[in-house]
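Peer 1: I'd like to ask some things about the structure below.
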Protein chains: 2
Amino acid sequence: MAEAISFMEPRADVLARRSTIVADLSDLLAPECLIHEARELVPFETDAFVSYRRVPLAVALPRTTAEVAAVMKYCHRYGIPIVPRGAGTSLSGGAIPQEDAVVLGLSKMNRILDIDYANRTATVQAGVTNLNVSESVSADGFFYAPDPSSQLACTIGGNIGMNSGGAHCLKYGVTTNNLLGVKLVLTDGTIIDLGGKALDSAGYDLLGLVCGSEGQLGIVTEATVRLIAKPEGARPVLFGFDTSEEAGACVADVIAAGIIPVAIEFMDKPAIEICEAFAKAGYPLDVGALLIVEVEGSEAEMDDMLASIVEIARSHSVKTVRECQSATEAALIWKGRKSAFGATGRIADYICMDGTVPLSQLSYVLKKTAEIVHGYGLRVANVFHAGDGNMHPLILFNANDPEDAAKAEAAGNDILRLCVDAGGCLTGEHGVGIEKRDLMRHQYAKVDLDQMMAVRAAFDPGWILNPSKVFPLDGRDAA
Amino acid sequence: MAEAISFMEPRADVLARRSTIVADLSDLLAPECLIHEARELVPFETDAFVSYRRVPLAVALPRTTAEVAAVMKYCHRYGIPIVPRGAGTSLSGGAIPQEDAVVLGLSKMNRILDIDYANRTATVQAGVTNLNVSESVSADGFFYAPDPSSQLACTIGGNIGMNSGGAHCLKYGVTTNNLLGVKLVLTDGTIIDLGGKALDSAGYDLLGLVCGSEGQLGIVTEATVRLIAKPEGARPVLFGFDTSEEAGACVADVIAAGIIPVAIEFMDKPAIEICEAFAKAGYPLDVGALLIVEVEGSEAEMDDMLASIVEIARSHSVKTVRECQSATEAALIWKGRKSAFGATGRIADYICMDGTVPLSQLSYVLKKTAEIVHGYGLRVANVFHAGDGNMHPLILFNANDPEDAAKAEAAGNDILRLCVDAGGCLTGEHGVGIEKRDLMRHQYAKVDLDQMMAVRAAFDPGWILNPSKVFPLDGRDAA
């Protein structure tokens with residue numbers, strides 16, 4: 001791989017004290033909760049943004065908030081970097097460690113603590129998987145709305161760190177819109193509770209600030225999330241168009257008309273072919289772009305909303321409109337969409353950008369994205385949350401060819417700059433991580449970044465929490 | 001009035017320089033944008049929390065963001081406190097000035113800058129009234145969702161400062177859920193842009209942090225808000241119960257069932273009588289408590305949702321169910337509700353608490369609230385956003401009797417403690433302001449408040465922005 005992204009120099013003093021640090025940590029954690037053998041550390045060297053790898057100094061897997069606090073208090077005292085980790089599914093490198101860091105993994109904190117239907121809330125430990133929350137309440141007719149494609153593996157703690165989204169967030173919002181409270185361990189080991197089961201809290205919205213802060217303000221050990229009642233019915237409908245531009249314009253018009261389906265997912269021709277070959281979802285192969293629009297509610301309500309959407313689609317020369325006829329067919333349609341990344345990974349290496357743009361810019365950005373990637377001699381597949389303007393171009397390349405990899409990274413950066421220049425932003429749901437750290441200057445002025453870093457310093461003045469992420473490595477002195 | 005809430009001592013050095021400060025400000029602002037004559041300052045001495053009054057040093061009414069920045073840069077340099085002000089409708093004293101402060105009023109910044117239906121956004125100056133936003137897009141079938149009872153007067157800037165809500169926020173969320181971006185002037189006059197028209201932004205959610213920060217982190221001069229399409233139809237329905245406990249339990253069961261109407265408003269017997277006498281809304285007078293439940297959507301959808309709600313209401317021995325028969329009747333029903341505070345003000349002085357509780361605690365808290373107020377020998381009327389658990393007990397008293405006033409304040413404090421102890425919080429939508437400042441210790445531990453103040457210090461290290469509010473006056477050294 002091209003090493004286009006520079007890493008912080010590991011601190012020699014910390015590396016030199018490795019055996020002492022491991023011994024000290026072993027006083028705080030049971031043997032099965034501390035990993036320090038070189039061979040056993042390897043699985044923690046990267047995350048789903050596999051382009052970069054660093055083997056950490058040690059991995060702590062505490063079982064309780066008190067153990068998390070003890071580890072943090074210790075690391076804080078000795079200035080040892082901490083890299084928090086949920087399931088390691090970050091697509092932006094948010095969980096990639098550094099050699100002088102203790103990885104603080106939440107995987108052993110995986111209990112559901114409280115289901116409260118009267119208040120429509122669930123309180124869970126940070127290591128509970130996203131899907132597990134929904135499954136725990138499914139039989140009673142409820143679900144947890146944010147649904148990243150990695151929901152089988154990814155954790156609520158990781159979702160909070162990245163403010164994760166998913167296909168169904170068009171109607172229900174992303175993590176921050178479904179989060180009511182957290183237990184947060186501050187950098188010095190102090191434990192605070194933010195938010196709760198009630199509507200709002202007096203004072204500053206530190207809960208909202210922590211959501212999406214990529215583990216830099218503290219470590220979330222428990223979360224209270226909103227439960228939503230399952231709709232009476234739900235129906236995904238396929239809309240095929242000749243071109244991506246027409247499909248994009250259709251999405252913009254649907255949203256501009258004030259219609260909010262549960263989901264509007266977009267696939268271009270390469271994405272349709274990749275997903276259909278993998279999942280046999282029954283996608284039409286004779287179209288240039290496909291929208292999966294999901295409506296929900298009563299039969300009458302779904303019919304009403306669909307009629308309005310079909311009318312708009314017709315004005316954009318829709319070629320195919322296909323309602324699914326059964327629950328099995330609906331599940332297949334979603335399986336195809338949700339396996340897009342995995343299916344792509346079978347045919348090529350890829351990186352996935354997640355720039356987000358105002359909907360009025362969707363067609364323009366799709367067209368320019370293709371030009372950019374083809375200009376580097378690479379291929380691109382687009383499969384994304386169109387209703388939110390949250391693009392996911394998958395740039396295909398050969399990871400064994402460093403030149404190809406460098407081209408892919410360069411194309412990705414060009415696309416993100418394009419999104420920002422079109423009035424959008426670098427990330428809709430994957431976070432900044434390491435991947436987009438150096439592009440933050442393209443989206444933000446120095447005063448903006450300085451203000452964010454000043455806020456960070458109010459939580460972590462020693463800059464020990466996930467230190468390589470979010471902000472460019474140089475220019476941090478201002479904070 | 002009893003002066004139970006202590007104010008900061010005005011700084012003698014600032015008061016001594018009054019004439020110099022006025023002269024300096026007059027270099028920055030046109031004559032009609034600077035008020036400094038004693039007589040003309042009086043209208044700015046308080047806000048809708050009229051219990052306390054302080055005449056400010058001067059009032060600046062800038063017309064542009066650049067003028068706001070110039071005033072702030074000047075005040076920052078000389079350490080002069082700034083108290084931001086929208087329309088002065090704060091119910092928690094958020095806009096009450098102090099003698100050594102420059103009031104920074106946004107009333108002259110009242111232009112709508114951009115209506116963008118393609119992206120469903122409106123960008124407005126901070127002094128635009130809440131209702132004006134909705135009215136500007138109404139003919140095209142859109143509206144801005146948060147609807148405080150003061151929406152005719154209150155400004156978007158003030159709404160952002162207090163994270164204001166309203167009756168229709170049960171479905172659509174409060175200000176923070178409908179805010180996409182702001183232009184913010186920092187304490188030293190630096191101008192930054194947070195958020196924008198696209199879904200999300202990379203980095204920390206400073207936008208969410210600023211929303212509800214009561215003017216302490218910077219001054220918002222422009223805001224981009226979400227526009228929502230008007231529903232096909234909307235129908236308020238009256239549900240009358242014998243007791244408040246039954247009505248409260250019905251609300252809890254509706255929400256627990258996962259049903260989300262647009263609004264569930266609650267009125268107890270005193271509130272019904274007060275509002276009916278004023279608005280002739282046609283409320284039933286033979287019930288002990290009334291719910292106004294608004295459903296919206298297509299006729300079929302409204303029928304469906306209503307049927308489910310009626311079934312739940314029957315299980316709580318509902319006495320009266322009355323659907324309104326016309327748009328006129330619907331408007332009257334809402335007029336009655338929205339004029340509740342004004343109507344109450346005609347028969348007595350009152351203070352209104354806005355503690356918020358988990359819905360499962362609604363009946364209990366209503367019962368205890370009555371016990372508390374009656375224990376002080378006072379009367380209470382309850383009219384509030386029940387679906388959100390956002391209570392609004394109006395404590396009636398005689399403001400000309402200092403003893404009565406002190407009792408009302410004491411009862412209010414007892415009620416807010418009750419809300420916190422029931423798992424709720426001090427404020428759902430009115431903010432902390434001066435009113436609940438000293439109760440913050442009841443909701444938060446010292447470490448929680450210290451962390452908020454550390455964040456505050458990252459924006460305003462000199463503590464010049466709205467300094468008397470939100471945090472108890474003592475114990476600020478930690479920040």
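Each chain in the structure tokens gets a letter, A, B and so on, in the order shown; residues start at 1 in every chain, and ligands are counted from 1 in the order they appear.
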Within 9 Å of B:Asn390, counting only C-alpha atoms, which residues show up once you throw out same-chain ones fewer than 3 positions away? Write them as a PDB file with N, CA, C and O atoms, in the first residue's frame, please.

Peer 2:
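out-v5.pdb, written as the output of this step:
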ATOM      1  N   ALA A 198     -35.422  10.911  29.858  1.00  0.00           N
ATOM      2  CA  ALA A 198     -36.343  12.014  29.585  1.00  0.00           C
ATOM      3  C   ALA A 198     -35.907  12.782  28.347  1.00  0.00           C
ATOM      4  O   ALA A 198     -34.792  12.638  27.848  1.00  0.00           O
ATOM      5  N   LEU A 199     -36.818  13.640  27.874  1.00  0.00           N
ATOM      6  CA  LEU A 199     -36.652  14.350  26.609  1.00  0.00           C
ATOM      7  C   LEU A 199     -35.326  15.073  26.428  1.00  0.00           C
ATOM      8  O   LEU A 199     -34.682  14.969  25.405  1.00  0.00           O
TER       9      LEU A 199
ATOM     10  N   ASP B 354     -40.756  24.039  33.738  1.00  0.00           N
ATOM     11  CA  ASP B 354     -40.861  23.104  32.608  1.00  0.00           C
ATOM     12  C   ASP B 354     -39.984  21.862  32.770  1.00  0.00           C
ATOM     13  O   ASP B 354     -39.352  21.391  31.843  1.00  0.00           O
ATOM     14  N   GLY B 355     -40.039  21.313  33.942  1.00  0.00           N
ATOM     15  CA  GLY B 355     -39.372  20.029  34.168  1.00  0.00           C
ATOM     16  C   GLY B 355     -39.940  18.961  33.250  1.00  0.00           C
ATOM     17  O   GLY B 355     -41.098  19.033  32.843  1.00  0.00           O
ATOM     18  N   THR B 356     -39.094  18.013  32.901  1.00  0.00           N
ATOM     19  CA  THR B 356     -39.501  16.950  31.983  1.00  0.00           C
ATOM     20  C   THR B 356     -39.261  15.610  32.660  1.00  0.00           C
ATOM     21  O   THR B 356     -38.233  15.432  33.312  1.00  0.00           O
ATOM     22  N   VAL B 357     -40.215  14.696  32.529  1.00  0.00           N
ATOM     23  CA  VAL B 357     -40.097  13.409  33.222  1.00  0.00           C
ATOM     24  C   VAL B 357     -40.328  12.249  32.262  1.00  0.00           C
ATOM     25  O   VAL B 357     -41.002  12.403  31.242  1.00  0.00           O
ATOM     26  N   PRO B 358     -39.754  11.083  32.569  1.00  0.00           N
ATOM     27  CA  PRO B 358     -40.088   9.896  31.783  1.00  0.00           C
ATOM     28  C   PRO B 358     -41.599   9.675  31.851  1.00  0.00           C
ATOM     29  O   PRO B 358     -42.220   9.909  32.893  1.00  0.00           O
ATOM     30  N   PHE B 384     -49.626  21.257  29.325  1.00  0.00           N
ATOM     31  CA  PHE B 384     -48.256  20.913  28.907  1.00  0.00           C
ATOM     32  C   PHE B 384     -48.188  19.875  27.782  1.00  0.00           C
ATOM     33  O   PHE B 384     -49.198  19.305  27.380  1.00  0.00           O
ATOM     34  N   HIS B 385     -46.957  19.682  27.298  1.00  0.00           N
ATOM     35  CA  HIS B 385     -46.672  18.764  26.196  1.00  0.00           C
ATOM     36  C   HIS B 385     -46.522  17.355  26.762  1.00  0.00           C
ATOM     37  O   HIS B 385     -45.410  16.887  27.032  1.00  0.00           O
ATOM     38  N   ALA B 386     -47.645  16.663  26.933  1.00  0.00           N
ATOM     39  CA  ALA B 386     -47.623  15.401  27.664  1.00  0.00           C
ATOM     40  C   ALA B 386     -46.876  14.306  26.916  1.00  0.00           C
ATOM     41  O   ALA B 386     -46.204  13.477  27.519  1.00  0.00           O
ATOM     42  N   GLY B 387     -46.977  14.304  25.599  1.00  0.00           N
ATOM     43  CA  GLY B 387     -46.327  13.240  24.829  1.00  0.00           C
ATOM     44  C   GLY B 387     -44.829  13.214  25.009  1.00  0.00           C
ATOM     45  O   GLY B 387     -44.182  12.173  24.890  1.00  0.00           O
ATOM     46  N   THR B 427     -35.445  21.078  32.682  1.00  0.00           N
ATOM     47  CA  THR B 427     -36.064  21.875  31.629  1.00  0.00           C
ATOM     48  C   THR B 427     -36.200  21.091  30.343  1.00  0.00           C
ATOM     49  O   THR B 427     -35.274  20.390  29.933  1.00  0.00           O
ATOM     50  N   GLY B 428     -37.373  21.181  29.726  1.00  0.00           N
ATOM     51  CA  GLY B 428     -37.595  20.519  28.453  1.00  0.00           C
ATOM     52  C   GLY B 428     -37.405  21.442  27.279  1.00  0.00           C
ATOM     53  O   GLY B 428     -36.985  21.013  26.206  1.00  0.00           O
ATOM     54  N   GLU B 429     -37.674  22.739  27.485  1.00  0.00           N
ATOM     55  CA  GLU B 429     -37.628  23.647  26.343  1.00  0.00           C
ATOM     56  C   GLU B 429     -37.440  25.106  26.714  1.00  0.00           C
ATOM     57  O   GLU B 429     -37.212  25.923  25.829  1.00  0.00           O
TER      58      GLU B 429
END

Peer 1: What lies within 6 Å of stretch 285-297 of chain B using only C-alpha atoms, ignoring chain neighbours under 2 positions off, as a ChimeraX atom specification?

Peer 2: /B:231-244,261-269,301-302

Peer 1: Where does DSSP see helix (DSSP H, G or I) in stretch 48-238 of chain B, if you list the residues as a VMD selection string?

Peer 2: chain B and resid 65 to 78 130 to 138 156 to 162 169 to 172 175 to 178 206 to 210

Peer 1: Export N, CA and C atoms of the chosen residues as a compact mmCIF listing (two decimals), in the first residue's frame?

Peer 2:
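New file selection.txt:
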# COMPACT_ATOMS: atom_id res chain seq x y z
N THR B 65 -23.72 40.71 10.53
CA THR B 65 -22.80 39.85 11.27
C THR B 65 -21.50 40.59 11.55
N ALA B 66 -21.05 41.41 10.60
CA ALA B 66 -19.81 42.16 10.79
C ALA B 66 -19.95 43.12 11.97
N GLU B 67 -21.11 43.74 12.10
CA GLU B 67 -21.32 44.65 13.24
C GLU B 67 -21.38 43.88 14.56
N VAL B 68 -22.01 42.71 14.54
CA VAL B 68 -22.01 41.87 15.74
C VAL B 68 -20.57 41.55 16.14
N ALA B 69 -19.78 41.17 15.14
CA ALA B 69 -18.38 40.81 15.40
C ALA B 69 -17.60 41.99 15.96
N ALA B 70 -17.87 43.17 15.42
CA ALA B 70 -17.14 44.37 15.88
C ALA B 70 -17.47 44.65 17.35
N VAL B 71 -18.75 44.55 17.71
CA VAL B 71 -19.15 44.80 19.09
C VAL B 71 -18.53 43.76 20.02
N MET B 72 -18.53 42.50 19.58
CA MET B 72 -17.99 41.45 20.44
C MET B 72 -16.48 41.58 20.61
N LYS B 73 -15.81 41.91 19.52
CA LYS B 73 -14.36 42.09 19.60
C LYS B 73 -14.02 43.19 20.60
N TYR B 74 -14.80 44.26 20.55
CA TYR B 74 -14.58 45.37 21.47
C TYR B 74 -14.83 44.95 22.92
N CYS B 75 -15.99 44.31 23.15
CA CYS B 75 -16.33 43.90 24.52
C CYS B 75 -15.33 42.88 25.06
N HIS B 76 -14.89 42.00 24.18
CA HIS B 76 -13.91 40.99 24.56
C HIS B 76 -12.62 41.64 25.02
N ARG B 77 -12.19 42.63 24.26
CA ARG B 77 -10.92 43.30 24.59
C ARG B 77 -10.97 43.95 25.96
N TYR B 78 -12.13 44.54 26.29
CA TYR B 78 -12.23 45.28 27.55
C TYR B 78 -12.96 44.50 28.64
N ASN B 130 -40.03 33.11 14.69
CA ASN B 130 -40.33 31.70 14.42
C ASN B 130 -41.48 31.58 13.41
N LEU B 131 -42.56 32.30 13.66
CA LEU B 131 -43.74 32.16 12.78
C LEU B 131 -43.45 32.65 11.37
N ASN B 132 -42.61 33.67 11.27
CA ASN B 132 -42.27 34.24 9.97
C ASN B 132 -41.64 33.19 9.05
N VAL B 133 -40.86 32.29 9.61
CA VAL B 133 -40.25 31.24 8.79
C VAL B 133 -41.35 30.38 8.16
N SER B 134 -42.27 29.91 9.00
CA SER B 134 -43.36 29.08 8.48
C SER B 134 -44.22 29.85 7.48
N GLU B 135 -44.50 31.11 7.80
CA GLU B 135 -45.37 31.88 6.91
C GLU B 135 -44.72 32.11 5.54
N SER B 136 -43.41 32.21 5.52
CA SER B 136 -42.72 32.47 4.25
C SER B 136 -42.80 31.30 3.29
N VAL B 137 -43.06 30.11 3.81
CA VAL B 137 -43.07 28.92 2.95
C VAL B 137 -44.43 28.23 2.94
N SER B 138 -45.38 28.80 3.66
CA SER B 138 -46.68 28.17 3.82
C SER B 138 -47.41 27.99 2.49
N ILE B 156 -35.73 33.07 15.88
CA ILE B 156 -34.98 31.84 15.62
C ILE B 156 -33.69 31.83 16.45
N GLY B 157 -33.04 32.98 16.59
CA GLY B 157 -31.83 33.04 17.40
C GLY B 157 -32.10 32.65 18.85
N GLY B 158 -33.19 33.18 19.39
CA GLY B 158 -33.57 32.83 20.76
C GLY B 158 -33.95 31.36 20.87
N ASN B 159 -34.67 30.85 19.87
CA ASN B 159 -35.03 29.43 19.84
C ASN B 159 -33.79 28.55 19.88
N ILE B 160 -32.75 28.94 19.15
CA ILE B 160 -31.51 28.16 19.12
C ILE B 160 -30.82 28.24 20.48
N GLY B 161 -30.80 29.42 21.07
CA GLY B 161 -30.16 29.58 22.37
C GLY B 161 -30.78 28.67 23.42
N MET B 162 -32.11 28.53 23.37
CA MET B 162 -32.83 27.77 24.40
C MET B 162 -33.22 26.37 23.92
N CYS B 169 -43.71 19.27 18.64
CA CYS B 169 -42.37 18.68 18.66
C CYS B 169 -42.38 17.20 19.00
N LEU B 170 -43.53 16.67 19.42
CA LEU B 170 -43.57 15.24 19.73
C LEU B 170 -43.18 14.44 18.49
N LYS B 171 -43.74 14.83 17.36
CA LYS B 171 -43.40 14.12 16.12
C LYS B 171 -42.14 14.67 15.47
N TYR B 172 -41.98 15.98 15.47
CA TYR B 172 -40.94 16.58 14.63
C TYR B 172 -39.66 16.96 15.37
N THR B 175 -35.83 22.25 18.53
CA THR B 175 -35.00 23.05 17.63
C THR B 175 -33.78 22.28 17.13
N THR B 176 -33.11 21.58 18.03
CA THR B 176 -31.86 20.92 17.63
C THR B 176 -32.10 19.87 16.54
N ASN B 177 -33.30 19.31 16.48
CA ASN B 177 -33.61 18.31 15.45
C ASN B 177 -33.98 18.94 14.12
N ASN B 178 -34.11 20.26 14.10
CA ASN B 178 -34.54 20.95 12.89
C ASN B 178 -33.54 22.01 12.44
N LEU B 206 -20.26 20.68 16.87
CA LEU B 206 -20.32 21.97 17.56
C LEU B 206 -21.68 22.63 17.35
N LEU B 207 -22.33 22.32 16.23
CA LEU B 207 -23.66 22.88 15.98
C LEU B 207 -24.63 22.43 17.07
N GLY B 208 -24.63 21.14 17.36
CA GLY B 208 -25.51 20.62 18.41
C GLY B 208 -25.14 21.19 19.77
N LEU B 209 -23.86 21.41 19.98
CA LEU B 209 -23.41 21.97 21.25
C LEU B 209 -23.92 23.40 21.43
N VAL B 210 -23.85 24.18 20.34
CA VAL B 210 -24.27 25.58 20.40
C VAL B 210 -25.78 25.67 20.63

Peer 1: Near chain B, meaning an atom within 7 Å, which residues of chain A appear when counting only C-alpha atoms? Write them as a PyMOL selection string.

Peer 2: chain A and resi 117-120+192+197-206+208-209+212-213+228-229+252+256+258+300-301+356-360+388+424-428+431-432+448+452+454-455+458+470

Peer 1: Would you kindly return, as a list of chain:residue names, each protein, DNA or RNA residue with an atom no farther than 10 Å from any atom of B:Asp13, considering only C-alpha atoms and excluding same-chain residues fewer than 5 positions away?

Peer 2: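 After dropping sequence-adjacent residues, the list is B:Arg18, B:Ile80, B:Asp100.
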
Peer 1: Save out the residues we just selected, C-alpha atoms, as a CSV table (one decimal), in the first residue's frame.

Peer 2:
chain,number,residue,atom,x,y,z
B,18,ARG,CA,-19.8,53.7,30.9
B,80,ILE,CA,-17.4,43.9,29.1
B,100,ASP,CA,-22.5,46.1,33.6

Peer 1: By how many Å are atom CA of A:Asp47 and atom CA of A:Ile434 apart?

Peer 2: 11.1 Å

Peer 1: Find the residues near A:Arg379: any atom within 9 Å, counting only C-alpha atoms, skip ones fewer than 3 places away on the same chain, and give them as a list in words.

Peer 2: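 Residues meeting the cut-off are Pro270, Ala370, Val373, His374, Tyr376, Leu394, Ile395, Leu396 and Phe397 of chain A.
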
Peer 1: Nearest to A:Gly462: which of A:Ile82, A:Ile112, A:Ala126, A:Val321 is it, counting only C-alpha atoms?

Peer 2: A:Ile82

Peer 1: Tell me, in Å to one decimal, how far atom CA of A:Asp438 is from atom CA of A:Gly218.

Peer 2: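 A separation of 22.6 Å between them.
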
Peer 1: From a backbone DSSP assignment, name each residue in stretch 161-217 of chain A labelled strand (DSSP E), as an MDAnalysis selection string.

Peer 2: chainID A and resid 179:185 191:195
